[in-house]
Amino acid sequence: METEVVIASSPTDVGISCWDLHTGEEHLRYKSCASPSHGLTSVAGRFLASSQIRESKSSSSSGSIQYWSWSKPQVEVRSFPAEPIKPVVSNSQGTYIAGGGVSGDIYFWEVATGKLLKKWHAHYRAVSCLVFNDDESLLISGAEDGSVRVWSLFLIFDDARREEMKHLFEYSFHEHSLRVTDVKTGYGGSNAIIVSASEDRTCKVWSLSKGKILRNVVFPSIIDAISLDPGEHVFYAGGRDGKIYIAGLNSPVTSNSNYGLHIIGALSEHSKGVTCLASSADGFLLVSGSEDGMIRVWDTRTRNIIRVFRHTKGPVSNVLVIRQPKRTSSTSLAPAVRRHGLPLPPPLEKFANNPDENAYVKVLIGPQTLPNQLLDSPYISVQTMEAQIKELQQQGSSAAAEVDVERLKSEQVRSVQMIQQWKKMYENLHQFCVSELLEGSHTESASGQNL
């Protein structure tokens with residue numbers, strides 16, 4: 001069975017906690033983190049990234065995005081975007097990070113260089129949640145204005161088509177009347193479904209292929225978090241009343257006197273509102289975080305709690321379930337890891353550069369990895385790679401020197417052979433000339449004797 005870890009954070013500055021999902025063993029705690037809802041992400045399992053919003057005494061608030069490596073509890077990289085960022089999400093390869101601003105703008109960064117690739121105005125109010133679809137060609141956003149919008153990254157990066165389009169989004173759903181609290185997407189690329197939750201006490205199921213609503217589920221409480229069953233038979237909805245409701249996605253319309261249409265059951269143990277949900281890879285375990293500071297692991301087949309974690313103090317704002325990074329697989333390896341930790345990428349840029357300043361394509365090629373093995377290579381900036389290439393060009397490598405020596409030896413052999421050939425030709429020509437002169441002398445002597 002593949003090892004998975006639970007990662008949890010809080011909106012208060014109590015850091016990030018990490019446990020083994022199946023054994024309950026606690027790993028390293030990471031310091032100085034106060035992340036809002038949807039403000040924590042794992043960047044391809046290589047490091048953690050989290051948005052931070054600090055409320056100040058003045059009317060404006062400040063924000064940052066911080067990186068933690070697996071081997072150190074302290075923050076290693078801090079970025080300061082142009083505005084406070086709430087939700088952050090990374091694609092599965094860890095090449096991009098998207099962030100939603102309080103102004104309604106979406107920012108799209110390249111991780112390896114920190115370059116701000118794109119920024120666009122997505123919503124009229126703050127972006128509250130972001131998620132990539134399964135093939136990562138679409139980015140889905142929810143906002144405090146109650147809308148859910150679907151963005152094609154092909155269109156976002158196609159400047160020519162962008163000028164021709166009236167709007168950038170593929171779909172814009174406005175059926176929610178209050179703030180969107182969570183968005184999840186199923187499998188199937190552009191044919192997948194989207195499930196959105198809102199403070200209007202509803203969860204809505206949307207079709208990406210048809211661009212319309214498929215199902216509307218009304219709950220007894222405001223829903224702040226949702227998680228889809230991998231088989232997409234049901235989805236789980238965490239309510240502010242402390243219950244986790246189970247709603248059918250494909251079941252026929254049923255009426256339950258306790259909960260309502262499409263709701264087939266509930267899990268109830270949290271003393272305060274459920275703020276976040278995550279599922280294991282096989283879907284048999286559901287992890288829930290709550291305002292009561294507790295994290296509970298549920299067996300979805302028996303609907304029983306099998307493990308409970310305590311996240312220091314304060315509410316829990318985010319929970320993630322990810323594959324256990326290789327370097328945290330054993331506590332005995334921690335000292336060596338700390339001594340040989342790999343560098344993290346540079347900070348994210350605050351503003352986009354002029355396109356003319358970066359006319360060439362930047363590429364980072366990493367080593368091949370075995371199946372189900374995390375890529376464990378450092379991020380190297382383009383400037384560093386160019387400096388290394390220049391140094392190699394100036395100094396040359398031993399292999400290149402050996403090639404040059406072999407080439408010179410071969411040319412020397414050919415030159416010696418050519419000299420021998422010319423020497424032989426000279427000797428032959430000299431012999432011919434001497435023979436001709438001697439033969440001419442003999443002829444003249446014979447003519448004189450005859451006279």
# chains A, B, ... in the order shown; residues from 1 in each chain; ligands from 1
call {"tool": "residues_around", "arguments": {"residues": "Asp159 (chain A)", "least_positions_apart": "6", "cutoff": "12 Å", "atoms": "only C-alpha atoms", "output": "number ranges by chain"}}
result
A: 118, 153, 165, 168, 355
call {"tool": "write_last_selection", "arguments": {"atoms": "all heavy atoms", "output": "short mmCIF file (atom, residue, chain, number, x, y, z; two decimals), in the first residue's frame"}}
result
data_model
loop_
_atom_site.label_atom_id
_atom_site.label_comp_id
_atom_site.auth_asym_id
_atom_site.auth_seq_id
_atom_site.Cartn_x
_atom_site.Cartn_y
_atom_site.Cartn_z
N LYS A 118 1.13 35.20 -16.60
CA LYS A 118 -0.14 35.83 -16.98
C LYS A 118 -0.85 36.35 -15.74
O LYS A 118 -0.72 35.81 -14.64
CB LYS A 118 -1.06 34.84 -17.72
CG LYS A 118 -0.59 34.44 -19.10
CD LYS A 118 -0.62 35.61 -20.08
CE LYS A 118 -0.11 35.18 -21.44
NZ LYS A 118 -0.09 36.31 -22.40
N LEU A 153 -6.61 27.29 -20.44
CA LEU A 153 -5.25 27.81 -20.43
C LEU A 153 -4.71 27.98 -21.84
O LEU A 153 -3.83 28.80 -22.08
CB LEU A 153 -4.35 26.87 -19.63
CG LEU A 153 -4.71 26.76 -18.13
CD1 LEU A 153 -3.75 25.83 -17.42
CD2 LEU A 153 -4.73 28.12 -17.46
N MET A 165 -11.70 37.34 -28.81
CA MET A 165 -12.78 36.87 -27.95
C MET A 165 -13.41 38.03 -27.17
O MET A 165 -12.74 38.98 -26.77
CB MET A 165 -12.24 35.82 -26.96
CG MET A 165 -11.54 34.63 -27.61
SD MET A 165 -12.64 33.62 -28.61
CE MET A 165 -13.61 32.84 -27.32
N LEU A 168 -12.77 35.91 -21.77
CA LEU A 168 -11.74 34.88 -21.69
C LEU A 168 -12.26 33.54 -21.20
O LEU A 168 -11.67 32.51 -21.51
CB LEU A 168 -10.61 35.35 -20.77
CG LEU A 168 -9.77 36.52 -21.26
CD1 LEU A 168 -8.70 36.88 -20.22
CD2 LEU A 168 -9.12 36.20 -22.59
N PRO A 355 7.45 41.46 -22.43
CA PRO A 355 7.66 40.26 -23.25
C PRO A 355 8.96 40.28 -24.04
O PRO A 355 9.57 39.25 -24.29
CB PRO A 355 6.44 40.24 -24.19
CG PRO A 355 5.40 41.04 -23.46
CD PRO A 355 6.15 42.10 -22.69
#
call {"tool": "select_by_dssp", "arguments": {"residues": "region 102-227 of chain A", "states": "strand (DSSP E)", "output": "PyMOL selection string"}}
result
chain A and resi 105-110+116-121+127-132+138-143+148-152+169-173+180-185+193-198+202-207+212-218+223-227
call {"tool": "closest_residue", "arguments": {"among": "A:Arg29, A:His38, A:Lys243, A:His167", "to": "Trp151 (chain A)", "atoms": "only C-alpha atoms"}}
result
A:His167
call {"tool": "closest_residue", "arguments": {"among": "A:Tyr171, A:Trp120, A:Tyr236, A:Tyr245", "to": "Leu285 (chain A)", "atoms": "only C-alpha atoms"}}
result
A:Tyr236
call {"tool": "select_by_dssp", "arguments": {"residues": "region 142-205 of chain A", "states": "helix (DSSP H, G or I)", "output": "VMD selection string"}}
result
chain A and resid 153 to 156 159 to 164 189 to 191
call {"tool": "write_last_selection", "arguments": {"atoms": "N, CA, C and O atoms", "output": "mmCIF file, in the first residue's frame"}}
result
data_model
loop_
_atom_site.group_PDB
_atom_site.id
_atom_site.type_symbol
_atom_site.label_atom_id
_atom_site.label_comp_id
_atom_site.auth_asym_id
_atom_site.auth_seq_id
_atom_site.Cartn_x
_atom_site.Cartn_y
_atom_site.Cartn_z
ATOM 1 N N LEU A 153 -6.613 27.291 -20.439
ATOM 2 C CA LEU A 153 -5.248 27.810 -20.433
ATOM 3 C C LEU A 153 -4.707 27.977 -21.845
ATOM 4 O O LEU A 153 -3.825 28.802 -22.083
ATOM 5 N N PHE A 154 -5.239 27.217 -22.797
ATOM 6 C CA PHE A 154 -4.832 27.407 -24.191
ATOM 7 C C PHE A 154 -5.225 28.803 -24.668
ATOM 8 O O PHE A 154 -4.457 29.479 -25.344
ATOM 9 N N LEU A 155 -6.416 29.236 -24.298
ATOM 10 C CA LEU A 155 -6.881 30.559 -24.687
ATOM 11 C C LEU A 155 -6.145 31.654 -23.915
ATOM 12 O O LEU A 155 -5.786 32.698 -24.475
ATOM 13 N N ILE A 156 -5.912 31.425 -22.632
ATOM 14 C CA ILE A 156 -5.236 32.432 -21.809
ATOM 15 C C ILE A 156 -3.856 32.759 -22.379
ATOM 16 O O ILE A 156 -3.423 33.914 -22.368
ATOM 17 N N ASP A 159 -2.374 34.885 -27.314
ATOM 18 C CA ASP A 159 -2.640 36.323 -27.362
ATOM 19 C C ASP A 159 -3.471 36.715 -28.577
ATOM 20 O O ASP A 159 -4.288 37.635 -28.503
ATOM 21 N N ALA A 160 -3.262 36.031 -29.701
ATOM 22 C CA ALA A 160 -4.011 36.371 -30.908
ATOM 23 C C ALA A 160 -5.502 36.073 -30.729
ATOM 24 O O ALA A 160 -6.362 36.896 -31.054
ATOM 25 N N ARG A 161 -5.825 34.901 -30.198
ATOM 26 C CA ARG A 161 -7.229 34.541 -29.984
ATOM 27 C C ARG A 161 -7.870 35.385 -28.894
ATOM 28 O O ARG A 161 -9.055 35.700 -28.960
ATOM 29 N N ARG A 162 -7.080 35.765 -27.890
ATOM 30 C CA ARG A 162 -7.626 36.569 -26.798
ATOM 31 C C ARG A 162 -8.178 37.888 -27.314
ATOM 32 O O ARG A 162 -9.200 38.374 -26.830
ATOM 33 N N GLU A 163 -7.509 38.486 -28.293
ATOM 34 C CA GLU A 163 -7.975 39.759 -28.835
ATOM 35 C C GLU A 163 -9.290 39.610 -29.599
ATOM 36 O O GLU A 163 -10.074 40.554 -29.687
ATOM 37 N N GLU A 164 -9.532 38.409 -30.136
ATOM 38 C CA GLU A 164 -10.749 38.183 -30.905
ATOM 39 C C GLU A 164 -11.949 37.830 -30.022
ATOM 40 O O GLU A 164 -13.086 38.001 -30.439
ATOM 41 N N GLY A 189 -11.530 15.171 -18.295
ATOM 42 C CA GLY A 189 -11.117 16.332 -19.079
ATOM 43 C C GLY A 189 -12.243 17.321 -19.268
ATOM 44 O O GLY A 189 -12.913 17.746 -18.319
ATOM 45 N N SER A 190 -12.499 17.683 -20.514
ATOM 46 C CA SER A 190 -13.561 18.651 -20.820
ATOM 47 C C SER A 190 -14.953 18.044 -20.708
ATOM 48 O O SER A 190 -15.955 18.757 -20.846
ATOM 49 N N ASN A 191 -15.041 16.730 -20.457
ATOM 50 C CA ASN A 191 -16.335 16.077 -20.261
ATOM 51 C C ASN A 191 -16.622 15.788 -18.789
ATOM 52 O O ASN A 191 -17.582 15.077 -18.474
#
